[in-house]
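Structure data (PDB, C-alpha atoms) from target.pdb:
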```
ATOM      1  CA  MET A  17      14.935  15.163  32.019
ATOM      2  CA  LEU A  18      16.513  14.424  28.635
ATOM      3  CA  ALA A  19      14.917  10.956  28.550
ATOM      4  CA  ASN A  20      11.464  12.492  29.082
ATOM      5  CA  GLU A  21      12.049  14.981  26.277
ATOM      6  CA  ALA A  22      13.119  12.182  23.927
ATOM      7  CA  ALA A  23      10.026  10.156  24.847
ATOM      8  CA  GLY A  24       7.866  13.195  24.189
ATOM      9  CA  ASP A  25       9.539  13.698  20.847
ATOM     10  CA  GLU A  26       8.954  10.053  19.913
ATOM     11  CA  LEU A  27       5.336  10.274  21.019
ATOM     12  CA  ASP A  28       4.846  13.486  19.056
ATOM     13  CA  GLN A  29       6.404  11.885  15.989
ATOM     14  CA  ALA A  30       4.163   8.823  16.349
ATOM     15  CA  ARG A  31       1.105  11.080  16.561
ATOM     16  CA  ARG A  32       2.214  13.034  13.508
ATOM     17  CA  ASN A  33       2.773   9.788  11.601
ATOM     18  CA  GLY A  34      -0.676   8.558  12.635
ATOM     19  CA  ASP A  35      -2.251  11.830  11.515
ATOM     20  CA  LEU A  36      -0.463  11.650   8.170
ATOM     21  CA  GLU A  37      -1.606   8.065   7.603
ATOM     22  CA  PHE A  38      -5.182   9.014   8.498
ATOM     23  CA  GLN A  39      -5.123  11.980   6.107
ATOM     24  CA  ALA A  40      -3.662   9.807   3.346
ATOM     25  CA  SER A  41      -6.401   7.205   3.802
ATOM     26  CA  LEU A  42      -9.073   9.920   3.703
ATOM     27  CA  ARG A  43      -7.537  11.287   0.499
ATOM     28  CA  ASP A  44      -7.490   7.788  -1.033
ATOM     29  CA  LEU A  45     -11.140   7.295  -0.091
ATOM     30  CA  SER A  46     -12.070  10.666  -1.594
ATOM     31  CA  GLU A  47     -10.208   9.878  -4.809
ATOM     32  CA  SER A  48     -11.880   6.489  -5.171
ATOM     33  CA  ARG A  49     -15.311   8.058  -4.571
ATOM     34  CA  LEU A  50     -14.585  10.738  -7.149
ATOM     35  CA  MET A  51     -13.561   8.089  -9.700
ATOM     36  CA  ALA A  52     -16.759   6.119  -8.964
ATOM     37  CA  ILE A  53     -18.916   9.219  -9.427
ATOM     38  CA  THR A  54     -17.109  10.138 -12.652
ATOM     39  CA  SER A  55     -17.626   6.586 -13.904
ATOM     40  CA  SER A  56     -21.344   6.873 -13.072
ATOM     41  CA  LEU A  57     -21.609  10.114 -15.032
ATOM     42  CA  ILE A  58     -19.961   8.447 -18.032
ATOM     43  CA  ARG A  59     -22.388   5.506 -17.772
ATOM     44  CA  LEU A  60     -25.257   8.013 -17.553
ATOM     45  CA  ASP A  61     -24.086   9.718 -20.771
ATOM     46  CA  GLU A  62     -23.777   6.329 -22.493
ATOM     47  CA  GLY A  63     -27.217   5.192 -21.304
ATOM     48  CA  ARG A  64     -25.822   2.414 -19.098
ATOM     49  CA  PHE A  65     -26.491   4.023 -15.697
ATOM     50  CA  GLY A  66     -28.467   1.770 -13.357
ATOM     51  CA  ILE A  67     -27.577  -1.404 -15.267
ATOM     52  CA  CYS A  68     -25.418  -4.042 -13.568
ATOM     53  CA  GLU A  69     -22.047  -4.455 -15.268
ATOM     54  CA  GLU A  70     -22.044  -8.156 -14.384
ATOM     55  CA  CYS A  71     -25.498  -9.483 -15.304
ATOM     56  CA  ASN A  72     -26.854  -6.529 -17.366
ATOM     57  CA  GLU A  73     -30.007  -6.380 -15.219
ATOM     58  CA  GLN A  74     -31.500  -3.241 -13.678
ATOM     59  CA  ILE A  75     -29.997  -2.172 -10.347
ATOM     60  CA  SER A  76     -32.795  -1.673  -7.835
ATOM     61  CA  LEU A  77     -33.929   1.878  -7.133
ATOM     62  CA  PRO A  78     -33.344   1.584  -3.339
ATOM     63  CA  ARG A  79     -29.733   0.495  -4.052
ATOM     64  CA  LEU A  80     -29.183   3.421  -6.420
ATOM     65  CA  GLN A  81     -30.740   5.795  -3.908
ATOM     66  CA  SER A  82     -28.363   4.642  -1.182
ATOM     67  CA  LEU A  83     -25.329   4.209  -3.465
ATOM     68  CA  PRO A  84     -25.790   6.333  -6.611
ATOM     69  CA  PHE A  85     -22.501   5.167  -8.120
ATOM     70  CA  ALA A  86     -23.274   1.433  -7.769
ATOM     71  CA  ARG A  87     -21.938  -0.591 -10.705
ATOM     72  CA  HIS A  88     -23.495  -3.914  -9.733
ATOM     73  CA  CYS A  89     -26.872  -5.140  -8.529
ATOM     74  CA  PHE A  90     -27.084  -6.393  -4.944
ATOM     75  CA  ASP A  91     -26.762 -10.085  -5.856
ATOM     76  CA  CYS A  92     -23.747  -9.612  -8.150
ATOM     77  CA  GLN A  93     -22.037  -7.335  -5.632
ATOM     78  CA  LYS A  94     -22.583  -9.974  -2.938
ATOM     79  CA  GLU A  95     -21.013 -12.654  -5.179
ATOM     80  CA  ILE A  96     -18.032 -10.401  -5.985
ATOM     81  CA  GLU A  97     -17.426  -9.712  -2.277
ATOM     82  CA  GLU A  98     -17.695 -13.420  -1.390
ATOM     83  CA  ALA A  99     -15.220 -14.343  -4.136
ATOM     84  CA  SER A 100     -12.847 -11.678  -2.839
ATOM     85  CA  ARG A 101     -13.211 -13.004   0.718
ATOM     86  CA  ARG A 102     -12.516 -16.558  -0.445
ATOM     87  CA  ALA A 103      -9.419 -15.405  -2.341
ATOM     88  CA  ARG A 104      -8.118 -13.558   0.734
ATOM     89  CA  SER A 105      -8.704 -16.585   2.956
ATOM     90  CA  ARG A 106      -6.756 -18.782   0.498
ATOM     91  CA  ILE A 107      -3.828 -16.373   0.671
ATOM     92  CA  VAL A 108      -3.872 -16.420   4.476
ATOM     93  CA  ALA A 109      -4.246 -20.224   4.555
ATOM     94  CA  SER A 110      -1.257 -20.703   2.254
ATOM     95  CA  GLY A 111       1.056 -19.668   5.084
ATOM     96  CA  PRO A 112       3.367 -16.803   5.846
ATOM     97  CA  ALA A 113       5.083 -14.865   3.122
ATOM     98  CA  THR A 114       8.568 -15.994   2.226
ATOM     99  CA  ASN A 115      11.494 -14.001   3.505
ATOM    100  CA  LEU A 116      12.772 -11.858   0.661
ATOM    101  CA  PHE A 117      16.188 -11.673   2.299
ATOM    102  CA  GLU A 118      16.565 -15.422   2.704
ATOM    103  CA  PRO A 119      19.353 -15.783   0.100
ATOM    104  CA  TYR A 120      21.484 -13.416   2.164
ATOM    105  CA  GLN A 121      21.063 -15.172   5.503
ATOM    106  CA  PRO A 122      24.071 -17.511   5.046
ATOM    107  CA  ASP A 123      26.277 -14.450   4.616
ATOM    108  CA  ALA A 124      24.834 -12.944   7.774
ATOM    109  CA  GLU A 125      25.560 -16.170   9.663
ATOM    110  CA  ARG A 126      29.126 -16.163   8.304
ATOM    111  CA  ILE A 127      29.625 -12.574   9.454
ATOM    112  CA  ASP A 128      28.365 -13.536  12.924
ATOM    113  CA  ARG A 129      30.791 -16.486  13.053
ATOM    114  CA  VAL A 130      33.734 -14.314  11.976
ATOM    115  CA  ALA A 131      32.836 -11.669  14.550
ATOM    116  CA  ASP A 132      32.495 -14.294  17.285
ATOM    117  CA  SER A 133      35.781 -15.986  16.346
ATOM    118  CA  GLY A 134      37.763 -12.784  16.677
ATOM    119  CA  GLU A 135      39.137 -12.980  13.127
ATOM    120  CA  GLY A 136      40.138  -9.619  11.799
ATOM    121  CA  ILE A 137      37.984  -8.166   9.092
ATOM    122  CA  SER A 138      40.007  -5.982   6.811
ATOM    123  CA  VAL A 139      38.397  -2.872   5.504
ATOM    124  CA  PRO A 140      40.166  -1.076   2.680
ATOM    125  CA  PRO A 141      41.181   2.495   3.470
ATOM    126  CA  PRO A 142      39.110   5.228   1.866
ATOM    127  CA  ARG A 143      40.359   6.427  -1.471
ATOM    128  CA  SER A 144      41.833   9.860  -1.547
ATOM    129  CA  ARG A 145      40.121  12.327  -3.788
ATOM    130  CA  ARG A 146      42.075  13.852  -6.577
ATOM    131  CA  ARG A 147      42.092  17.575  -6.677
ATOM    132  CA  LYS A 148      40.792  19.111  -9.826
ATOM    133  CA  ARG A 149      43.314  21.258 -11.508
ATOM    134  CA  THR A 150      42.105  24.629 -12.474
ATOM    135  CA  ILE A 151      43.639  25.964 -15.626
ATOM    136  CA  VAL A 152      44.181  29.662 -15.450
TER     137      VAL A 152
END
```
Can you dump the structure from the file as structure tokens?
Amino acid sequence: MLANEAAGDELDQARRNGDLEFQASLRDLSESRLMAITSSLIRLDEGRFGICEECNEQISLPRLQSLPFARHCFDCQKEIEEASRRARSRIVASGPATNLFEPYQPDAERIDRVADSGEGISVPPPRSRRRKRTIV
């Protein structure tokens, strides 16, 4: 019975973690949308709303109607996304990330060898705490 309760607790925790991650991603999306809308309002005040930040051409009305906070025309946005995709594929093609803990692996191997060999590992005893003297 205890094993089932523990499994339920783990499952409940996993669900809670999933819910928290989902809520965090929704909050991030909302914040990025709010920043994009604020940026559009600033561009509107400055007279730059509806002008592509890349090529300085007019952004098409259908694009602005579907995405009022668009900063780039369709063609420039497509080029930006393709460049981003190419950059991501280069990162993936370069191979796996290096192990950040690699410098410490020889020590780990040494510890394994010592443990397997039966050599004693001495651990210093804990230091005793000094009592604070209270002056009366």
Between CA of Leu42 in chain A and CA of Asp61 in chain A - distance in Å to one decimal: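 CA of Leu42 in chain A lies 28.7 Å from CA of Asp61 in chain A.
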Using all atoms listed in the file - which residues lie no farther than 8 Å from the point (-28.4, 0.2, -13.6) in the file's frame? Write them as a PyMOL selection string. chain A and resi 64-68+72-76+80+86-89
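Here CA of Gly63 in chain A and CA of Asp91 in chain A stand 21.7 Å from one another.
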Any idea what the distance is between CA of Ser46 in chain A and CA of Glu70 in chain A? 24.8 Å
